[in-house]
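Engineer: Provided herewith is a single structure, encoded as structure tokens, for subsequent inquiry.
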Amino acid sequence: MDIDRELKELEKYASEKNIPIMQKDGIDFLTNFILKKEIKNILEVGTAIGYSAIKMALVNTDIHVTTIERDETRYMEALKNIKKFNLEDRITLIFNDALNVKLEDKYDLIFIDAAKGKNQDFFLRFENNLDSDGYIITDNMYFHGYVEMPEEEVPSKNILGIVRKIKDYTYFLENHMVYKTTIYNIGDGIAVTERRG
Ligand code: SAH
Ligand code: MG
């Protein structure tokens with residue numbers, strides 16, 4: 001199988017169906033981070049069709065990804081895609097609302113990329129699953145630029161609600177006693193959180 005070609009197919013499919021998979025600079029940052037920090041055990045919240053889970057698993061053959069998706073159609077597509085890449089042994093898919101999932105394992109990376117208004121809920125739900133020297137990475141901290149925009153210019157109440165939750169989450173991260181966070185101006189804004197020294 002031509003891995004690069006299959007990945008391109010996934011990217012094309014996602015773009016045609018408006019499935020918000022990570023963009024190139026974001027996914028490059030994430031996979032480089034995994035390589036550099038020698039991350040082995042990853043928890044992802046928000047699988048969609050499995051694109052980022054597959055990209056992360058492909059960084060190294062000893063990486064394992066557990067990933068959670070609540071939408072049945074996407075979950076089924078992710079299953080199919082993970083099979084296609086022969087990654088069934090290294091990617092565990094959970095079909096459920098992440099806020100109902102309880103995990104026992106520890107992860108050295110928790111990647112949050114699901115409902116943008118619920119980042120803090122996901123963080124609180126899984127922080128006990130973080131290895132003592134692990135990282136939590138959150139995608140879409142700028143939420144398509146709406147977070148930076150004056151609030152009166154945000155096009156809908158719905159979006160404004162999410163924007164405010166992302167602002168609260170940013171405050172929560174930046175003022176946390178236990179964790180420190182850096183937000184990178186990459187992709188749609190990527191927050192990297194780790195325990196304070
Ligand atoms: N990480 C993927 C993109 C995820 S898109 C990639 O880059 O390839 C966000 C996904 O999160 C959507 O498919 C949505 O159905 C899912 N999602 C949103 N809220 C969720 C929740 N509470 N539990 C599980 N999945 C959720
Ligand atoms: Mg995202």
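Identifiers for the structure tokens are assigned positionally: chains receive A, B, ... in sequence, residues are indexed from 1 per chain, and ligands are indexed from 1 in the order shown.
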Determine which residues of chain A DSSP labels as strand (DSSP E) from the backbone of this structure, then write them out as a PyMOL selection string.
Structural biologist: chain A and resi 41-45+64-69+91-95+107-112+130-138+179-184+190-195
Engineer: Write the residues of the preceding selection, restricted to N, CA and C atoms, as a compact mmCIF listing (two decimals), in the first residue's frame.
Structural biologist:
# COMPACT_ATOMS: atom_id res chain seq x y z
N ASN A 41 2.32 6.48 24.37
CA ASN A 41 0.94 6.09 24.66
C ASN A 41 0.04 7.32 24.63
N ILE A 42 -0.83 7.36 23.62
CA ILE A 42 -1.59 8.58 23.34
C ILE A 42 -3.09 8.34 23.54
N LEU A 43 -3.74 9.32 24.16
CA LEU A 43 -5.20 9.34 24.20
C LEU A 43 -5.68 10.51 23.36
N GLU A 44 -6.58 10.24 22.43
CA GLU A 44 -7.15 11.31 21.60
C GLU A 44 -8.65 11.42 21.88
N VAL A 45 -9.11 12.63 22.08
CA VAL A 45 -10.54 12.89 22.23
C VAL A 45 -11.02 13.54 20.93
N HIS A 64 1.13 3.64 20.67
CA HIS A 64 -0.26 3.19 20.74
C HIS A 64 -1.19 4.38 20.94
N VAL A 65 -2.29 4.40 20.19
CA VAL A 65 -3.27 5.48 20.29
C VAL A 65 -4.61 4.91 20.71
N THR A 66 -5.20 5.48 21.75
CA THR A 66 -6.59 5.21 22.10
C THR A 66 -7.37 6.45 21.70
N THR A 67 -8.45 6.29 20.95
CA THR A 67 -9.15 7.46 20.44
C THR A 67 -10.66 7.30 20.58
N ILE A 68 -11.33 8.40 20.93
CA ILE A 68 -12.76 8.35 21.28
C ILE A 68 -13.58 9.18 20.29
N GLU A 69 -14.66 8.59 19.79
CA GLU A 69 -15.56 9.29 18.86
C GLU A 69 -17.01 8.96 19.23
N ILE A 91 -4.12 1.13 17.22
CA ILE A 91 -5.12 2.17 17.47
C ILE A 91 -6.37 1.51 18.04
N THR A 92 -6.73 1.91 19.26
CA THR A 92 -7.94 1.40 19.89
C THR A 92 -9.02 2.47 19.78
N LEU A 93 -10.12 2.09 19.13
CA LEU A 93 -11.22 3.05 18.93
C LEU A 93 -12.31 2.82 19.97
N ILE A 94 -12.74 3.89 20.57
CA ILE A 94 -13.86 3.80 21.53
C ILE A 94 -15.02 4.61 20.97
N PHE A 95 -16.17 3.94 20.81
CA PHE A 95 -17.37 4.61 20.31
C PHE A 95 -18.23 5.02 21.51
N TYR A 107 -1.37 7.99 30.10
CA TYR A 107 -0.93 8.37 28.75
C TYR A 107 0.14 9.45 28.85
N ASP A 108 1.11 9.40 27.95
CA ASP A 108 2.09 10.49 27.98
C ASP A 108 1.71 11.64 27.05
N LEU A 109 0.62 11.43 26.30
CA LEU A 109 0.03 12.57 25.57
C LEU A 109 -1.48 12.40 25.54
N ILE A 110 -2.18 13.46 25.91
CA ILE A 110 -3.63 13.51 25.73
C ILE A 110 -3.91 14.62 24.74
N PHE A 111 -4.52 14.25 23.62
CA PHE A 111 -4.78 15.21 22.55
C PHE A 111 -6.28 15.50 22.50
N ILE A 112 -6.65 16.74 22.80
CA ILE A 112 -8.06 17.12 22.85
C ILE A 112 -8.42 17.84 21.56
N LEU A 130 -3.12 11.33 32.98
CA LEU A 130 -1.87 11.86 32.42
C LEU A 130 -0.68 11.38 33.24
N ASP A 131 0.30 10.84 32.55
CA ASP A 131 1.59 10.49 33.16
C ASP A 131 2.18 11.72 33.86
N SER A 132 2.99 11.49 34.89
CA SER A 132 3.51 12.65 35.64
C SER A 132 4.32 13.58 34.75
N ASP A 133 4.98 13.04 33.73
CA ASP A 133 5.72 13.94 32.83
C ASP A 133 5.08 14.00 31.43
N GLY A 134 3.77 13.84 31.41
CA GLY A 134 3.05 13.86 30.13
C GLY A 134 2.57 15.24 29.72
N TYR A 135 1.95 15.30 28.55
CA TYR A 135 1.48 16.57 27.96
C TYR A 135 0.02 16.46 27.57
N ILE A 136 -0.67 17.58 27.70
CA ILE A 136 -2.02 17.68 27.14
C ILE A 136 -1.94 18.71 26.01
N ILE A 137 -2.35 18.31 24.83
CA ILE A 137 -2.36 19.24 23.70
C ILE A 137 -3.80 19.48 23.28
N THR A 138 -4.16 20.76 23.15
CA THR A 138 -5.52 21.10 22.75
C THR A 138 -5.49 21.86 21.43
N TYR A 179 -0.30 23.15 36.31
CA TYR A 179 0.18 23.03 34.92
C TYR A 179 0.62 24.38 34.38
N LYS A 180 1.54 24.32 33.42
CA LYS A 180 1.86 25.52 32.64
C LYS A 180 1.54 25.24 31.17
N THR A 181 1.18 26.30 30.46
CA THR A 181 0.69 26.13 29.09
C THR A 181 1.33 27.15 28.16
N THR A 182 1.68 26.69 26.97
CA THR A 182 2.09 27.59 25.90
C THR A 182 1.13 27.42 24.75
N ILE A 183 0.63 28.53 24.22
CA ILE A 183 -0.26 28.45 23.05
C ILE A 183 0.54 28.88 21.82
N TYR A 184 0.62 27.98 20.86
CA TYR A 184 1.40 28.23 19.64
C TYR A 184 0.51 28.73 18.53
N ILE A 190 -2.61 25.99 18.89
CA ILE A 190 -2.39 24.73 19.58
C ILE A 190 -1.83 25.00 20.97
N ALA A 191 -2.52 24.51 22.01
CA ALA A 191 -2.05 24.69 23.39
C ALA A 191 -1.31 23.44 23.82
N VAL A 192 -0.11 23.66 24.38
CA VAL A 192 0.68 22.55 24.94
C VAL A 192 0.78 22.77 26.45
N THR A 193 0.29 21.81 27.20
CA THR A 193 0.22 21.92 28.66
C THR A 193 1.06 20.81 29.29
N GLU A 194 1.83 21.18 30.29
CA GLU A 194 2.59 20.17 31.05
C GLU A 194 2.62 20.58 32.51
N ARG A 195 3.00 19.63 33.37
CA ARG A 195 3.07 19.97 34.79
C ARG A 195 4.20 20.96 35.04
Engineer: Might you pull out every residue within 10 Å of segment 6-20 of chain A, with only C-alpha atoms counted and same-chain residues fewer than 6 positions away left off, and present them as an mmCIF file with N, CA, C and O atoms, in the first residue's frame?
Structural biologist:
data_model
loop_
_atom_site.group_PDB
_atom_site.id
_atom_site.type_symbol
_atom_site.label_atom_id
_atom_site.label_comp_id
_atom_site.auth_asym_id
_atom_site.auth_seq_id
_atom_site.Cartn_x
_atom_site.Cartn_y
_atom_site.Cartn_z
ATOM 1 N N ALA A 48 -12.933 11.691 14.615
ATOM 2 C CA ALA A 48 -13.501 11.916 13.274
ATOM 3 C C ALA A 48 -13.286 10.645 12.442
ATOM 4 O O ALA A 48 -13.691 9.566 12.866
ATOM 5 N N ILE A 49 -12.619 10.737 11.315
ATOM 6 C CA ILE A 49 -12.452 9.552 10.465
ATOM 7 C C ILE A 49 -11.107 8.861 10.690
ATOM 8 O O ILE A 49 -10.702 8.006 9.901
ATOM 9 N N GLY A 50 -10.406 9.261 11.756
ATOM 10 C CA GLY A 50 -9.175 8.556 12.122
ATOM 11 C C GLY A 50 -7.899 9.159 11.583
ATOM 12 O O GLY A 50 -6.806 8.631 11.827
ATOM 13 N N TYR A 51 -8.023 10.290 10.901
ATOM 14 C CA TYR A 51 -6.845 10.862 10.236
ATOM 15 C C TYR A 51 -5.700 11.176 11.216
ATOM 16 O O TYR A 51 -4.584 10.661 11.060
ATOM 17 N N ILE A 54 -4.200 8.081 12.867
ATOM 18 C CA ILE A 54 -3.335 7.338 11.941
ATOM 19 C C ILE A 54 -1.989 8.054 11.796
ATOM 20 O O ILE A 54 -0.921 7.436 11.896
ATOM 21 N N LYS A 55 -2.035 9.382 11.600
ATOM 22 C CA LYS A 55 -0.787 10.145 11.473
ATOM 23 C C LYS A 55 0.090 9.993 12.725
ATOM 24 O O LYS A 55 1.307 9.849 12.629
ATOM 25 N N ARG A 74 -18.947 8.520 11.728
ATOM 26 C CA ARG A 74 -17.504 8.794 11.716
ATOM 27 C C ARG A 74 -16.717 7.648 12.351
ATOM 28 O O ARG A 74 -15.663 7.269 11.855
ATOM 29 N N ASN A 81 -10.841 3.000 8.023
ATOM 30 C CA ASN A 81 -9.552 3.605 7.651
ATOM 31 C C ASN A 81 -8.379 2.999 8.434
ATOM 32 O O ASN A 81 -7.307 2.780 7.882
ATOM 33 N N LYS A 84 -7.526 -0.184 6.924
ATOM 34 C CA LYS A 84 -6.846 0.030 5.647
ATOM 35 C C LYS A 84 -5.341 0.255 5.853
ATOM 36 O O LYS A 84 -4.519 -0.195 5.067
ATOM 37 N N PHE A 85 -4.993 0.948 6.926
ATOM 38 C CA PHE A 85 -3.586 1.214 7.229
ATOM 39 C C PHE A 85 -2.953 0.112 8.074
ATOM 40 O O PHE A 85 -1.824 0.247 8.530
ATOM 41 N N ASP A 113 -9.344 17.241 20.788
ATOM 42 C CA ASP A 113 -9.734 17.803 19.485
ATOM 43 C C ASP A 113 -11.179 17.418 19.178
ATOM 44 O O ASP A 113 -11.480 16.850 18.144
ATOM 45 N N ALA A 114 -12.086 17.731 20.120
ATOM 46 C CA ALA A 114 -13.492 17.332 19.936
ATOM 47 C C ALA A 114 -14.387 18.570 19.988
ATOM 48 O O ALA A 114 -14.099 19.546 19.293
#
Engineer: Apply DSSP to the backbone of this structure and, from segment 24-197 of chain A, keep only the residues in alpha helix (DSSP H); write these as JSON, numbers by chain.
Structural biologist: {"A": [24, 25, 26, 27, 28, 29, 30, 31, 32, 33, 34, 35, 36, 51, 52, 53, 54, 55, 56, 57, 72, 73, 74, 75, 76, 77, 78, 79, 80, 81, 82, 83, 84, 119, 120, 121, 122, 123, 124, 125, 126, 157, 158, 159, 160, 161, 162, 163, 164, 165, 166, 167, 168, 169, 170, 171, 172, 173, 174]}
Engineer: Write out, as a Markdown table, each residue of chain A that has an atom at most 6 Å from ligand 2, together with the closest pair of atoms and their distance in Å to one decimal, counting only C-alpha atoms and all ligand atoms, rows going by chain and rising number.
Structural biologist:
| residue | atom | partner | partner_atom_place_in_ligand_line | distance |
| --- | --- | --- | --- | --- |
| A:Ile21 | CA | ligand 2 | 1 (Mg) | 5.9 |
| A:Met22 | CA | ligand 2 | 1 (Mg) | 5.2 |
| A:Asp113 | CA | ligand 2 | 1 (Mg) | 4.9 |
| A:Asp139 | CA | ligand 2 | 1 (Mg) | 4.9 |
| A:Asn140 | CA | ligand 2 | 1 (Mg) | 5.2 |
Engineer: Create the file for the chosen residues now, containing N, CA, C and O atoms and written as a tab-separated table (two decimals), in the first residue's frame.
Structural biologist:
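This is the output file result-v2.tsv:
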chain	number	residue	atom	x	y	z
A	21	ILE	N	-10.55	17.80	10.01
A	21	ILE	CA	-9.31	17.15	10.43
A	21	ILE	C	-8.22	18.22	10.58
A	21	ILE	O	-8.36	19.33	10.09
A	22	MET	N	-7.16	17.86	11.27
A	22	MET	CA	-6.07	18.82	11.47
A	22	MET	C	-5.47	19.23	10.14
A	22	MET	O	-5.29	18.41	9.24
A	113	ASP	N	-9.34	17.24	20.79
A	113	ASP	CA	-9.73	17.80	19.48
A	113	ASP	C	-11.18	17.42	19.18
A	113	ASP	O	-11.48	16.85	18.14
A	139	ASP	N	-6.31	21.39	20.47
A	139	ASP	CA	-6.35	22.03	19.15
A	139	ASP	C	-7.45	23.10	19.11
A	139	ASP	O	-8.34	23.13	19.95
A	140	ASN	N	-7.36	23.96	18.12
A	140	ASN	CA	-8.39	24.97	17.81
A	140	ASN	C	-8.58	26.01	18.91
A	140	ASN	O	-9.71	26.44	19.18
Engineer: Could you pull the residues within 12 Å of Phe172 of chain A, counting only C-alpha atoms, minus those fewer than 3 positions along the same chain, as a list of chain:residue names?
Structural biologist: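 Within the cut-off, the hits are A:Asn119, A:Gln120, A:Asp121, A:Phe123, A:Leu124, A:Lys165, A:Ile166, A:Lys167, A:Asp168, A:Tyr169, A:Asn175, A:His176, A:Met177, A:Val178, A:Tyr179, A:Lys180, A:Thr181, A:Thr193.
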Engineer: What gap, in Å, lies between atom CA of Val147 of chain A and atom CA of Gly26 of chain A?
Structural biologist: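 That distance, rounded to one decimal, is 17.6 Å.
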Engineer: Hey, which of A:Ile39, A:Leu160, A:Ala53, A:Leu58 ends up closest to ligand 1? Count only C-alpha atoms and all ligand atoms.
Structural biologist: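 Residue with the minimum atom-to-atom distance to ligand 1: A:Ala53.
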Engineer: Using only C-alpha atoms and all ligand atoms for the distances, tell me which of A:Lys80, A:Lys24, A:Arg90, A:Lys40 is nearest to ligand 1.
Structural biologist: A:Lys24
